[in-house]
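*Asks:* Sending over target-v1.json (JSON, C-alpha atoms).
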```json
[["chain", "number", "residue", "atom", "x", "y", "z"],
["A", 278, "MET", "CA", -88.51, -14.13, -63.55],
["A", 279, "GLY", "CA", -86.80, -16.37, -61.03],
["A", 280, "GLN", "CA", -85.51, -15.29, -57.64],
["A", 281, "GLY", "CA", -81.87, -15.15, -58.71],
["A", 282, "LEU", "CA", -78.93, -17.42, -57.91],
["A", 283, "VAL", "CA", -76.43, -15.27, -56.04],
["A", 284, "ASP", "CA", -72.99, -16.09, -54.63],
["A", 285, "SER", "CA", -71.27, -14.55, -51.62],
["A", 286, "PHE", "CA", -69.72, -11.84, -53.83],
["A", 287, "GLY", "CA", -73.12, -10.68, -55.09],
["A", 288, "ARG", "CA", -72.76, -12.12, -58.59],
["A", 289, "VAL", "CA", -76.12, -13.13, -60.04],
["A", 290, "HIS", "CA", -75.89, -16.23, -62.22],
["A", 291, "ARG", "CA", -77.83, -16.32, -65.50],
["A", 292, "ASP", "CA", -75.74, -18.49, -67.83],
["A", 293, "LEU", "CA", -75.71, -22.32, -67.91],
["A", 294, "ARG", "CA", -73.10, -24.33, -69.82],
["A", 295, "ILE", "CA", -74.21, -27.93, -70.40],
["A", 296, "SER", "CA", -71.78, -30.61, -71.55],
["A", 297, "VAL", "CA", -73.60, -33.51, -73.22],
["A", 298, "THR", "CA", -70.58, -35.79, -73.72],
["A", 299, "ASP", "CA", -66.90, -36.11, -72.83],
["A", 300, "ARG", "CA", -66.18, -37.73, -76.19],
["A", 301, "CYS", "CA", -64.68, -35.92, -79.16],
["A", 302, "ASN", "CA", -63.82, -36.77, -82.75],
["A", 303, "PHE", "CA", -60.73, -34.54, -82.57],
["A", 304, "ARG", "CA", -57.68, -34.92, -80.32],
["A", 305, "CYS", "CA", -56.52, -31.31, -80.01],
["A", 306, "THR", "CA", -53.04, -31.17, -78.50],
["A", 307, "TYR", "CA", -53.95, -28.50, -75.94],
["A", 308, "CYS", "CA", -57.02, -30.39, -74.76],
["A", 309, "MET", "CA", -56.68, -34.17, -75.01],
["A", 310, "PRO", "CA", -53.99, -36.86, -75.26],
["A", 311, "GLU", "CA", -53.73, -38.65, -78.60],
["A", 312, "GLU", "CA", -54.73, -41.97, -77.06],
["A", 313, "GLY", "CA", -55.77, -43.41, -73.72],
["A", 314, "MET", "CA", -58.83, -41.33, -72.80],
["A", 315, "ALA", "CA", -61.27, -43.33, -70.65],
["A", 316, "TRP", "CA", -64.75, -42.38, -71.84],
["A", 317, "LEU", "CA", -67.73, -42.24, -69.53],
["A", 318, "PRO", "CA", -70.08, -45.21, -69.87],
["A", 319, "ARG", "CA", -73.36, -44.24, -71.53],
["A", 320, "ARG", "CA", -75.37, -44.99, -68.38],
["A", 321, "GLU", "CA", -73.38, -42.38, -66.45],
["A", 322, "LEU", "CA", -74.35, -39.54, -68.78],
["A", 323, "LEU", "CA", -77.38, -37.47, -67.94],
["A", 324, "THR", "CA", -80.35, -38.29, -70.12],
["A", 325, "TYR", "CA", -81.89, -35.52, -72.18],
["A", 326, "GLU", "CA", -84.86, -35.57, -69.81],
["A", 327, "GLU", "CA", -82.56, -35.08, -66.81],
["A", 328, "ILE", "CA", -80.75, -32.23, -68.56],
["A", 329, "GLU", "CA", -84.05, -30.59, -69.41],
["A", 330, "ARG", "CA", -85.19, -30.83, -65.79],
["A", 331, "VAL", "CA", -82.09, -29.10, -64.44],
["A", 332, "ALA", "CA", -82.24, -26.44, -67.15],
["A", 333, "ARG", "CA", -85.94, -25.78, -66.54],
["A", 334, "LEU", "CA", -85.34, -25.42, -62.80],
["A", 335, "LEU", "CA", -82.55, -22.89, -63.33],
["A", 336, "VAL", "CA", -84.60, -20.91, -65.86],
["A", 337, "GLU", "CA", -87.97, -20.90, -64.10],
["A", 338, "ARG", "CA", -86.79, -20.66, -60.49],
["A", 339, "TYR", "CA", -83.56, -18.69, -60.81],
["A", 340, "GLY", "CA", -84.07, -16.63, -63.95],
["A", 341, "PHE", "CA", -81.33, -18.07, -66.14],
["A", 342, "GLU", "CA", -81.30, -16.36, -69.52],
["A", 343, "SER", "CA", -78.83, -18.31, -71.64],
["A", 344, "ILE", "CA", -77.87, -21.94, -72.20],
["A", 345, "ARG", "CA", -74.87, -23.16, -74.19],
["A", 346, "ILE", "CA", -74.45, -26.81, -75.21],
["A", 347, "THR", "CA", -70.85, -28.06, -75.14],
["A", 348, "GLY", "CA", -68.75, -31.21, -74.86],
["A", 349, "GLY", "CA", -66.35, -32.88, -75.61],
["A", 350, "GLU", "CA", -67.82, -32.50, -79.03],
["A", 351, "PRO", "CA", -71.60, -32.22, -78.59],
["A", 352, "THR", "CA", -72.47, -33.35, -82.11],
["A", 353, "VAL", "CA", -71.15, -36.86, -81.40],
["A", 354, "ARG", "CA", -74.02, -37.34, -78.90],
["A", 355, "ALA", "CA", -76.82, -39.19, -80.67],
["A", 356, "HIS", "CA", -80.01, -37.33, -81.56],
["A", 357, "LEU", "CA", -78.72, -33.93, -80.41],
["A", 358, "PRO", "CA", -81.57, -32.03, -82.14],
["A", 359, "VAL", "CA", -83.96, -33.79, -79.74],
["A", 360, "LEU", "CA", -82.29, -32.04, -76.79],
["A", 361, "ILE", "CA", -82.16, -28.75, -78.67],
["A", 362, "GLU", "CA", -85.91, -28.97, -79.28],
["A", 363, "LYS", "CA", -86.58, -29.63, -75.58],
["A", 364, "LEU", "CA", -84.45, -26.69, -74.44],
["A", 365, "SER", "CA", -85.78, -24.36, -77.13],
["A", 366, "ARG", "CA", -89.13, -24.37, -75.30],
["A", 367, "LEU", "CA", -87.49, -22.42, -72.50],
["A", 368, "PRO", "CA", -87.28, -18.59, -72.78],
["A", 369, "VAL", "CA", -83.49, -18.49, -73.19],
["A", 370, "ASP", "CA", -80.78, -17.68, -75.69],
["A", 371, "LEU", "CA", -79.81, -21.18, -76.82],
["A", 372, "ALA", "CA", -76.34, -21.69, -78.31],
["A", 373, "LEU", "CA", -73.89, -24.47, -79.18],
["A", 374, "THR", "CA", -70.11, -24.74, -79.21],
["A", 375, "THR", "CA", -68.73, -27.29, -81.69],
["A", 376, "ASN", "CA", -65.59, -28.16, -83.63],
["A", 377, "GLY", "CA", -67.73, -27.86, -86.76],
["A", 378, "VAL", "CA", -66.65, -31.04, -88.50],
["A", 379, "SER", "CA", -70.20, -32.47, -88.61],
["A", 380, "LEU", "CA", -72.10, -29.24, -89.17],
["A", 381, "ARG", "CA", -72.39, -29.71, -92.90],
["A", 382, "LEU", "CA", -74.62, -32.69, -92.04],
["A", 383, "ILE", "CA", -76.74, -31.34, -89.17],
["A", 384, "ALA", "CA", -76.66, -27.51, -89.15],
["A", 385, "HIS", "CA", -80.11, -27.21, -90.68],
["A", 386, "ASP", "CA", -81.54, -29.84, -88.31],
["A", 387, "LEU", "CA", -80.17, -27.94, -85.32],
["A", 388, "ALA", "CA", -81.63, -24.68, -86.58],
["A", 389, "ALA", "CA", -85.01, -26.32, -87.23],
["A", 390, "ALA", "CA", -84.97, -27.71, -83.67],
["A", 391, "GLY", "CA", -84.61, -24.20, -82.27],
["A", 392, "LEU", "CA", -80.88, -23.51, -81.91],
["A", 393, "THR", "CA", -80.32, -19.76, -81.83],
["A", 394, "ARG", "CA", -76.62, -19.35, -82.58],
["A", 395, "ILE", "CA", -73.36, -21.23, -82.77],
["A", 396, "ASN", "CA", -69.65, -21.00, -81.93],
["A", 397, "ILE", "CA", -67.20, -23.03, -84.01],
["A", 398, "SER", "CA", -63.70, -23.82, -82.76],
["A", 399, "LEU", "CA", -60.98, -23.39, -85.38],
["A", 400, "ASP", "CA", -57.32, -22.91, -84.44],
["A", 401, "SER", "CA", -55.63, -22.75, -87.82],
["A", 402, "LEU", "CA", -56.52, -21.90, -91.41],
["A", 403, "ARG", "CA", -53.55, -23.89, -92.72],
["A", 404, "ALA", "CA", -54.31, -27.51, -93.50],
["A", 405, "GLU", "CA", -51.08, -29.05, -92.25],
["A", 406, "ARG", "CA", -51.09, -27.01, -89.05],
["A", 407, "PHE", "CA", -54.76, -27.76, -88.46],
["A", 408, "ALA", "CA", -54.01, -31.47, -88.75],
["A", 409, "ALA", "CA", -51.08, -31.14, -86.34],
["A", 410, "ILE", "CA", -53.20, -29.35, -83.72],
["A", 411, "THR", "CA", -56.32, -31.52, -83.98],
["A", 412, "ARG", "CA", -54.60, -34.75, -85.05],
["A", 413, "ARG", "CA", -57.28, -34.91, -87.77],
["A", 414, "ASP", "CA", -57.09, -33.85, -91.43],
["A", 415, "SER", "CA", -60.48, -32.16, -91.42],
["A", 416, "LEU", "CA", -60.01, -28.45, -92.16],
["A", 417, "ALA", "CA", -62.08, -28.62, -95.35],
["A", 418, "GLU", "CA", -65.02, -30.17, -93.46],
["A", 419, "VAL", "CA", -64.88, -27.49, -90.75],
["A", 420, "LEU", "CA", -64.89, -24.72, -93.34],
["A", 421, "GLU", "CA", -67.88, -26.39, -94.99],
["A", 422, "GLY", "CA", -69.50, -26.51, -91.56],
["A", 423, "ILE", "CA", -69.08, -22.75, -91.12],
["A", 424, "ASP", "CA", -70.77, -22.20, -94.47],
["A", 425, "ALA", "CA", -73.56, -24.61, -93.51],
["A", 426, "ALA", "CA", -74.15, -22.75, -90.23],
["A", 427, "LEU", "CA", -74.42, -19.47, -92.11],
["A", 428, "ASP", "CA", -76.76, -21.03, -94.66],
["A", 429, "ALA", "CA", -78.94, -22.41, -91.85],
["A", 430, "GLY", "CA", -79.33, -18.94, -90.38],
["A", 431, "LEU", "CA", -77.49, -19.65, -87.12],
["A", 432, "ALA", "CA", -76.57, -16.01, -86.61],
["A", 433, "PRO", "CA", -74.28, -14.78, -85.38],
["A", 434, "VAL", "CA", -71.74, -17.44, -86.28],
["A", 435, "LYS", "CA", -68.65, -17.01, -84.13],
["A", 436, "VAL", "CA", -65.30, -18.70, -84.71],
["A", 437, "ASN", "CA", -63.23, -19.40, -81.57],
["A", 438, "VAL", "CA", -59.43, -19.45, -81.86],
["A", 439, "VAL", "CA", -57.24, -20.55, -78.95],
["A", 440, "VAL", "CA", -54.06, -18.54, -79.50],
["A", 441, "MET", "CA", -50.83, -20.33, -78.57],
["A", 442, "ARG", "CA", -47.40, -18.77, -78.88],
["A", 443, "GLY", "CA", -45.21, -20.55, -81.38],
["A", 444, "VAL", "CA", -48.16, -22.59, -82.65],
["A", 445, "ASN", "CA", -50.68, -20.31, -84.38],
["A", 446, "ASP", "CA", -49.94, -16.76, -83.18],
["A", 447, "ASP", "CA", -48.73, -15.87, -86.69],
["A", 448, "GLU", "CA", -52.30, -16.31, -88.00],
["A", 449, "LEU", "CA", -53.97, -13.47, -86.07],
["A", 450, "VAL", "CA", -54.29, -11.20, -89.10],
["A", 451, "ASP", "CA", -55.25, -14.14, -91.33],
["A", 452, "PHE", "CA", -58.14, -14.96, -89.01],
["A", 453, "ALA", "CA", -59.25, -11.32, -88.90],
["A", 454, "ALA", "CA", -59.30, -11.27, -92.70],
["A", 455, "PHE", "CA", -61.16, -14.58, -92.73],
["A", 456, "GLY", "CA", -63.86, -13.19, -90.45],
["A", 457, "ARG", "CA", -64.25, -10.09, -92.58],
["A", 458, "ALA", "CA", -64.54, -12.13, -95.77],
["A", 459, "ARG", "CA", -66.93, -14.77, -94.40],
["A", 460, "GLY", "CA", -69.10, -12.43, -92.35],
["A", 461, "VAL", "CA", -68.34, -14.22, -89.07],
["A", 462, "THR", "CA", -67.03, -12.89, -85.75],
["A", 463, "VAL", "CA", -63.66, -14.35, -84.82],
["A", 464, "ARG", "CA", -62.95, -14.53, -81.09],
["A", 465, "PHE", "CA", -59.38, -14.96, -79.90],
["A", 466, "ILE", "CA", -59.06, -16.90, -76.63],
["A", 467, "GLU", "CA", -56.02, -16.78, -74.38],
["A", 468, "TYR", "CA", -54.55, -20.22, -73.78],
["A", 469, "MET", "CA", -55.59, -21.52, -70.34],
["A", 470, "PRO", "CA", -54.10, -24.25, -68.08],
["A", 471, "LEU", "CA", -56.70, -26.90, -68.88],
["A", 472, "ASP", "CA", -54.67, -29.15, -71.18],
["A", 473, "ALA", "CA", -54.76, -32.88, -70.51],
["A", 474, "ALA", "CA", -50.96, -33.17, -70.47],
["A", 475, "GLY", "CA", -50.52, -30.46, -67.86],
["A", 476, "ALA", "CA", -47.84, -28.85, -70.00],
["A", 477, "TRP", "CA", -49.27, -25.30, -69.99],
["A", 478, "THR", "CA", -46.87, -22.50, -69.12],
["A", 479, "ASN", "CA", -47.52, -18.77, -68.98],
["A", 480, "ASP", "CA", -45.03, -17.99, -71.75],
["A", 481, "GLN", "CA", -47.33, -19.84, -74.18],
["A", 482, "VAL", "CA", -50.05, -17.23, -73.58],
["A", 483, "VAL", "CA", -50.51, -14.53, -76.21],
["A", 484, "GLY", "CA", -52.22, -11.75, -74.30],
["A", 485, "ARG", "CA", -55.07, -9.44, -75.17],
["A", 486, "GLU", "CA", -52.83, -6.40, -75.74],
["A", 487, "GLU", "CA", -50.65, -8.23, -78.24],
["A", 488, "ILE", "CA", -53.63, -9.71, -80.08],
["A", 489, "VAL", "CA", -55.35, -6.34, -80.46],
["A", 490, "ALA", "CA", -52.14, -4.52, -81.46],
["A", 491, "THR", "CA", -51.20, -7.12, -84.08],
["A", 492, "ILE", "CA", -54.60, -7.10, -85.76],
["A", 493, "GLY", "CA", -55.06, -3.35, -85.33],
["A", 494, "SER", "CA", -51.82, -2.65, -87.18],
["A", 495, "VAL", "CA", -53.41, -4.07, -90.33],
["A", 496, "PHE", "CA", -57.11, -3.57, -89.72],
["A", 497, "PRO", "CA", -57.63, -0.56, -87.41],
["A", 498, "LEU", "CA", -59.90, -1.39, -84.49],
["A", 499, "GLU", "CA", -62.26, 0.54, -82.23],
["A", 500, "ALA", "CA", -63.10, -0.76, -78.77],
["A", 501, "VAL", "CA", -66.77, -1.64, -78.24],
["A", 502, "GLY", "CA", -66.39, -2.92, -74.69],
["A", 503, "ARG", "CA", -67.58, -5.99, -72.81],
["A", 504, "PRO", "CA", -71.03, -6.32, -71.26],
["A", 505, "ASP", "CA", -71.10, -7.58, -67.67],
["A", 506, "GLY", "CA", -70.87, -11.35, -67.60],
["A", 507, "ALA", "CA", -69.82, -11.67, -71.23],
["A", 508, "PRO", "CA", -66.44, -13.38, -71.70],
["A", 509, "ALA", "CA", -65.33, -11.49, -74.81],
["A", 510, "GLU", "CA", -64.17, -7.91, -75.11],
["A", 511, "ARG", "CA", -65.41, -6.66, -78.47],
["A", 512, "PHE", "CA", -63.60, -4.57, -81.07],
["A", 513, "ARG", "CA", -65.08, -3.38, -84.36],
["A", 514, "PHE", "CA", -63.14, -2.74, -87.53],
["A", 515, "ALA", "CA", -62.91, 1.01, -88.09],
["A", 516, "ASP", "CA", -64.00, 0.64, -91.70],
["A", 517, "GLY", "CA", -67.23, -1.13, -90.74],
["A", 518, "GLY", "CA", -66.08, -4.58, -91.83],
["A", 519, "GLY", "CA", -67.44, -6.42, -88.79],
["A", 520, "GLU", "CA", -65.77, -7.09, -85.45],
["A", 521, "ILE", "CA", -63.55, -9.41, -83.44],
["A", 522, "GLY", "CA", -63.63, -10.52, -79.83],
["A", 523, "VAL", "CA", -60.86, -11.24, -77.34],
["A", 524, "ILE", "CA", -61.36, -13.47, -74.30],
["A", 525, "PRO", "CA", -58.51, -12.48, -71.92],
["A", 526, "SER", "CA", -59.07, -15.18, -69.31],
["A", 527, "VAL", "CA", -55.43, -15.16, -68.20],
["A", 528, "THR", "CA", -54.10, -11.60, -68.55],
["A", 529, "GLN", "CA", -57.31, -9.70, -67.73],
["A", 530, "PRO", "CA", -59.68, -12.20, -66.08],
["A", 531, "PHE", "CA", -63.36, -11.27, -65.83],
["A", 532, "CYS", "CA", -64.10, -13.37, -62.75],
["A", 533, "GLY", "CA", -65.60, -10.38, -60.95],
["A", 534, "THR", "CA", -68.60, -10.37, -63.28],
["A", 535, "CYS", "CA", -68.80, -14.09, -64.06],
["A", 536, "ASP", "CA", -72.44, -15.22, -64.21],
["A", 537, "ARG", "CA", -72.12, -18.86, -65.31],
["A", 538, "VAL", "CA", -72.28, -22.33, -63.89],
["A", 539, "ARG", "CA", -71.42, -25.59, -65.66],
["A", 540, "LEU", "CA", -73.09, -28.98, -65.79],
["A", 541, "THR", "CA", -70.78, -31.80, -66.82],
["A", 542, "ALA", "CA", -71.89, -34.69, -69.01],
["A", 543, "GLU", "CA", -72.26, -36.98, -65.99],
["A", 544, "GLY", "CA", -74.28, -34.43, -64.02],
["A", 545, "GLN", "CA", -71.72, -32.64, -61.84],
["A", 546, "LEU", "CA", -72.49, -28.97, -61.25],
["A", 547, "ARG", "CA", -69.38, -26.75, -61.25],
["A", 548, "ASN", "CA", -69.59, -23.16, -60.03],
["A", 549, "CYS", "CA", -66.36, -22.23, -61.85],
["A", 550, "LEU", "CA", -64.42, -23.57, -64.80],
["A", 551, "PHE", "CA", -61.45, -24.00, -62.45],
["A", 552, "ALA", "CA", -63.44, -25.33, -59.48],
["A", 553, "LEU", "CA", -61.87, -28.11, -57.42],
["A", 554, "THR", "CA", -65.21, -29.37, -56.07],
["A", 555, "GLU", "CA", -68.48, -30.38, -57.74],
["A", 556, "LEU", "CA", -72.10, -30.99, -56.78],
["A", 557, "ASP", "CA", -73.42, -34.41, -57.82],
["A", 558, "LEU", "CA", -76.78, -33.51, -59.35],
["A", 559, "ARG", "CA", -77.06, -36.89, -61.05],
["A", 560, "ALA", "CA", -77.26, -38.60, -57.67],
["A", 561, "LEU", "CA", -80.01, -36.21, -56.56],
["A", 562, "LEU", "CA", -81.94, -36.66, -59.79],
["A", 563, "ARG", "CA", -81.75, -40.45, -59.75],
["A", 564, "ARG", "CA", -82.74, -40.87, -56.12],
["A", 565, "GLY", "CA", -85.92, -38.89, -56.74],
["A", 566, "ALA", "CA", -85.03, -35.60, -55.09],
["A", 567, "SER", "CA", -87.63, -32.84, -55.36],
["A", 568, "ASP", "CA", -87.04, -29.56, -57.17],
["A", 569, "ASP", "CA", -86.83, -27.86, -53.77],
["A", 570, "GLU", "CA", -84.06, -30.24, -52.67],
["A", 571, "ILE", "CA", -82.16, -29.84, -55.93],
["A", 572, "GLY", "CA", -82.59, -26.07, -55.83],
["A", 573, "ALA", "CA", -81.30, -25.85, -52.26],
["A", 574, "ALA", "CA", -78.23, -27.91, -53.15],
["A", 575, "ILE", "CA", -77.52, -25.69, -56.17],
["A", 576, "GLN", "CA", -77.90, -22.54, -54.07],
["A", 577, "GLN", "CA", -75.40, -23.86, -51.54],
["A", 578, "ALA", "CA", -72.92, -24.84, -54.25],
["A", 579, "VAL", "CA", -73.09, -21.44, -55.94],
["A", 580, "ALA", "CA", -72.83, -19.61, -52.62],
["A", 581, "THR", "CA", -69.34, -21.07, -52.13],
["A", 582, "LYS", "CA", -68.01, -19.84, -55.49],
["A", 583, "TRP", "CA", -64.64, -18.21, -55.05],
["A", 584, "ALA", "CA", -63.66, -14.71, -56.16],
["A", 585, "GLY", "CA", -61.49, -15.82, -59.08],
["A", 586, "HIS", "CA", -59.36, -18.57, -60.58],
["A", 587, "LEU", "CA", -55.93, -17.26, -59.38],
["A", 588, "ILE", "CA", -54.04, -18.35, -62.51],
["A", 589, "ASN", "CA", -50.37, -17.28, -62.16],
["A", 590, "GLN", "CA", -50.74, -16.96, -58.39],
["A", 591, "PRO", "CA", -48.67, -19.23, -56.11],
["A", 592, "VAL", "CA", -51.86, -20.72, -54.64],
["A", 593, "PHE", "CA", -53.34, -21.70, -58.03],
["A", 594, "ILE", "CA", -54.26, -25.38, -58.32],
["A", 595, "ARG", "CA", -55.14, -26.92, -61.67],
["A", 596, "PRO", "CA", -58.49, -28.73, -61.84],
["A", 597, "PRO", "CA", -57.99, -32.50, -61.92],
["A", 598, "ARG", "CA", -59.91, -32.71, -65.22],
["A", 599, "SER", "CA", -59.15, -31.32, -68.65],
["A", 600, "MET", "CA", -61.41, -29.04, -70.68],
["A", 601, "SER", "CA", -63.00, -31.88, -72.65],
["A", 602, "GLN", "CA", -64.04, -33.57, -69.41],
["A", 603, "ILE", "CA", -65.39, -30.40, -67.82],
["A", 604, "GLY", "CA", -67.24, -28.86, -70.73],
["A", 605, "GLY", "CA", -66.41, -25.58, -72.45]]
```
Let me see whether you can do it: turn the structure in this file into C-alpha cells.

*Replies:*
Amino acid sequence: MGQGLVDSFGRVHRDLRISVTDRCNFRCTYCMPEEGMAWLPRRELLTYEEIERVARLLVERYGFESIRITGGEPTVRAHLPVLIEKLSRLPVDLALTTNGVSLRLIAHDLAAAGLTRINISLDSLRAERFAAITRRDSLAEVLEGIDAALDAGLAPVKVNVVVMRGVNDDELVDFAAFGRARGVTVRFIEYMPLDAAGAWTNDQVVGREEIVATIGSVFPLEAVGRPDGAPAERFRFADGGGEIGVIPSVTQPFCGTCDRVRLTAEGQLRNCLFALTELDLRALLRRGASDDEIGAAIQQAVATKWAGHLINQPVFIRPPRSMSQIGG
C-alpha cells in the first residue's frame, strides 16, 4: 500500500481518471460545438507507456485503487486494448467510460485485455431525440454496444444519463424501465456547467430530489446510500428489480469526500474537474524527471485542491475547457 496522497482538507486520493484523447465521434450539444474543434496533434498526447508510468506511480507509491479511462471518446484512440492490458497488470479496479457506439466491435477485446467494468453514456432512448442531442443517428449501434458489453461480461454495465430540463427529463421513468429490463444500472447525472458553448444555466438542472421522486412514483425506491468518494447515490427498486444511481453534482455536491484526480490526454494533471490550474506532467516525463520528482510535483498539486467547486456561488469561475477536453 502506498503512503497516500492527501490534500489540505484531509481527503485521501485513490481514484485516477485518465483521458486518452480529446477527439469524439459524437458532437453532443451539451459538450461540444458541431464544428470547429481544434484537436490535439498526435505528438502532444501521452503515449501509452507514459500513461502507464504515471498510473503505476500513483498505484504503487500512493495507493490508488481505481482507474477509469475516458476521453473525448476513448475508443477512437488506436489500439486501446493495448493500454487496457498494460493497466490491468496493476492491482486496481479498471473501468472505461464510452459513448458505446463502437462497443459492438471491441467489447470482447477490451474484456480480454483486462477491463473490469464499463459505463456507457446514453441520453435518450428515442431515435430522433438521440440524433438531435449527439448530432449522430447512432442509437441502434449504442444499444447493440450495451448488449455486447453484457455479453463480454463487463459487469456491472452502467448507463449514464445527463438529465437536462426540457430536453430529456421526460424519459426518467423510461430509462428506469430500460435498466430493469436490460439488467443494467442507470445513473442519472445532474447537468453541469462544462458545455463548450457556455450556455449552461441553473434552471436547466433537474435535481436529485425531482429525479428520485419521479422514478419512485412509478417504481418505488429504497435508499442504499453513497460510499465515501463514490459520485453516485444509490437507490434500489423495492421489488428487487435492480437499482439506479443519481449523481447530484450541482444540488448536493460531494466535494467533501472527493478522492479523484484527472490526467488529460496531453498529460495535464487536474486536482478537480473544475480546476483552473493544471500540472504539466508531460513536460516532466519528457525531460526525464525521476519518479521522486514527479511524485513531489503531484503531491504539491493535490495539496492545493480547493474545498469544492462553488457552482451557483458568485465566485464560481467556469474552467476554460469543456468536458471533452478535460476528460470525464

*Asks:* Could you check how far CA of Asp516 in chain A sits from CA of Ala432 in chain A, in Å to one decimal?

*Replies:*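 The value is 21.5 Å.
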
*Asks:* Please list as a PyMOL selection string every residue within 8 Å of range 416-424 of chain A, counting all atoms listed in the file and excluding residues in the same chain fewer than 5 positions away.

*Replies:* chain A and resi 376-381+384+397+399+402-404+407-408+434

*Asks:* Given only C-alpha atoms as the basis, pick out the residue of A:Leu334, A:Met469, A:Ile383, A:Ala355 nearest to Leu367 in chain A.

*Replies:* A:Leu334

*Asks:* Please provide as an MDAnalysis selection string all residues within 6 Å of Leu373 in chain A, with the sequence filter that same-chain residues fewer than 3 positions apart are discarded (counting all atoms listed in the file).

*Replies:* chainID A and resid 345:346 395

*Asks:* Quick one: distance from CA of Cys549 in chain A to CA of Ser296 in chain A in Å, one decimal?

*Replies:*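 So the two atoms, CA of Cys549 in chain A and CA of Ser296 in chain A, lie 13.9 Å apart.
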
*Asks:* Grab the CA of Arg333 in chain A to CA of Gly533 in chain A distance for me, in Å with one decimal place.

*Replies:*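 The value is 26.1 Å.
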
*Asks:* Taking (-62.3, -7.1, -79.4) in the file's coordinates, which residues come within 6 Å, counting only C-alpha atoms, written as a PDB file with C-alpha atoms, in the coordinates of the input?

*Replies:*
```
ATOM      1  CA  GLU A 510     -64.170  -7.910 -75.110  1.00  0.00           C
ATOM      2  CA  ARG A 511     -65.410  -6.660 -78.470  1.00  0.00           C
ATOM      3  CA  PHE A 512     -63.600  -4.570 -81.070  1.00  0.00           C
ATOM      4  CA  ILE A 521     -63.550  -9.410 -83.440  1.00  0.00           C
ATOM      5  CA  GLY A 522     -63.630 -10.520 -79.830  1.00  0.00           C
ATOM      6  CA  VAL A 523     -60.860 -11.240 -77.340  1.00  0.00           C
TER       7      VAL A 523
END
```

*Asks:* Using all atoms listed in the file, can you tell me which of A:Arg300, A:Arg539, A:Arg412, A:His385 comes closest to Gly348 in chain A?

*Replies:*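 With all atoms listed in the file as the atom set, the closest residue is A:Arg300.
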
*Asks:* Determine the nearest neighbour of Ile295 in chain A from the options A:Glu486, A:Asp569, A:Glu543, A:Asp446, counting all atoms listed in the file.

*Replies:*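 With all atoms listed in the file as the atom set, the closest residue is A:Glu543.
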
*Asks:* Around the point (-62.6, -18.2, -75.6), in the coordinates given by the file, pick out the residues reaching within 7 Å, counting all atoms listed in the file, and return them as an MDAnalysis selection string.

*Replies:* chainID A and resid 437 439 464:467 524

*Asks:* With only C-alpha atoms as the basis for distance, which of A:Cys532, A:Ala453, A:Val440, A:Ala458 is at the shortest distance from Gly484 in chain A?

*Replies:*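 Comparing A:Cys532, A:Ala453, A:Val440, A:Ala458 against Gly484 in chain A, the winner is A:Val440.
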
*Asks:* Which one of A:Gly287, A:Gly517, A:Gly349, A:Gly502 sits closest to Cys535 in chain A if you count only C-alpha atoms?

*Replies:*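 Counting only C-alpha atoms, the residue closest to Cys535 in chain A is A:Gly287.
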
*Asks:* Near Val353 in chain A, within 8 Å and counting only C-alpha atoms, which residues show up once chain neighbours fewer than 4 positions away are dropped, as a list in words?

*Replies:*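 Here the answer would be Thr298, Arg300, Cys301 and Asn302 of chain A.
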
*Asks:* Would you mind exporting the chosen residues as a PDB file, keeping the file's coordinate frame, restricted to C-alpha atoms?

*Replies:*
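Here's the written file again36.pdb:
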```pdb
ATOM      1  CA  THR A 298     -70.580 -35.790 -73.720  1.00  0.00           C
ATOM      2  CA  ARG A 300     -66.180 -37.730 -76.190  1.00  0.00           C
ATOM      3  CA  CYS A 301     -64.680 -35.920 -79.160  1.00  0.00           C
ATOM      4  CA  ASN A 302     -63.820 -36.770 -82.750  1.00  0.00           C
TER       5      ASN A 302
END
```

*Asks:* For Ala490 in chain A, which residue among A:Ala476, A:Val463, A:Leu449, A:Gln280 is the nearest when counting only C-alpha atoms?

*Replies:*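 Looking at the shortest contact to Ala490 in chain A, the residue is A:Leu449.
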
*Asks:* Just want the 9 Å neighbourhood of Ala574 in chain A, counted on all atoms listed in the file, with same-chain residues fewer than 4 positions away dropped. Output as a list in words.

*Replies:*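 Near neighbours after the sequence-gap exclusion: Leu556, Leu558, Asp569, Glu570, Ala578 and Val579 of chain A.
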
*Asks:* Range 489-587 of chain A near range 305-318 of chain A within 12 Å: what's each residue's closest atom pair and its distance in Å to one decimal, counting only C-alpha atoms, ordered by chain then ascending residue number, as a tab-separated table?

*Replies:*
```
residue	atom	partner	partner_atom	distance
A:Thr541	CA	A:Leu317	CA	11.2
A:Ala542	CA	A:Leu317	CA	8.6
A:Glu543	CA	A:Leu317	CA	7.8
A:Gly544	CA	A:Leu317	CA	11.6
```

*Asks:* Just to be explicit: take each residue in the selection above, keep C-alpha atoms, and write the result as a PDB file, in the frame of the given file.

*Replies:*
```pdb
ATOM      1  CA  THR A 541     -70.780 -31.800 -66.820  1.00  0.00           C
ATOM      2  CA  ALA A 542     -71.890 -34.690 -69.010  1.00  0.00           C
ATOM      3  CA  GLU A 543     -72.260 -36.980 -65.990  1.00  0.00           C
ATOM      4  CA  GLY A 544     -74.280 -34.430 -64.020  1.00  0.00           C
TER       5      GLY A 544
END
```

*Asks:* Find the smallest box with edges along x, y and z containing every listed atom of range 367-381 of chain A, then add 6 Å on each side and report centre and edge lengths in Å to one decimal, as JSON.

*Replies:*
```
{"center_x": -76.5, "center_y": -25.1, "center_z": -82.7, "size_x": 33.9, "size_y": 26.8, "size_z": 32.4}
```

*Asks:* Residues near Pro525 in chain A, anyone? I mean within 6 Å using only C-alpha atoms, not counting same-chain ones fewer than 2 positions away, as a ChimeraX atom specification.

*Replies:* /A:467,485,527-530
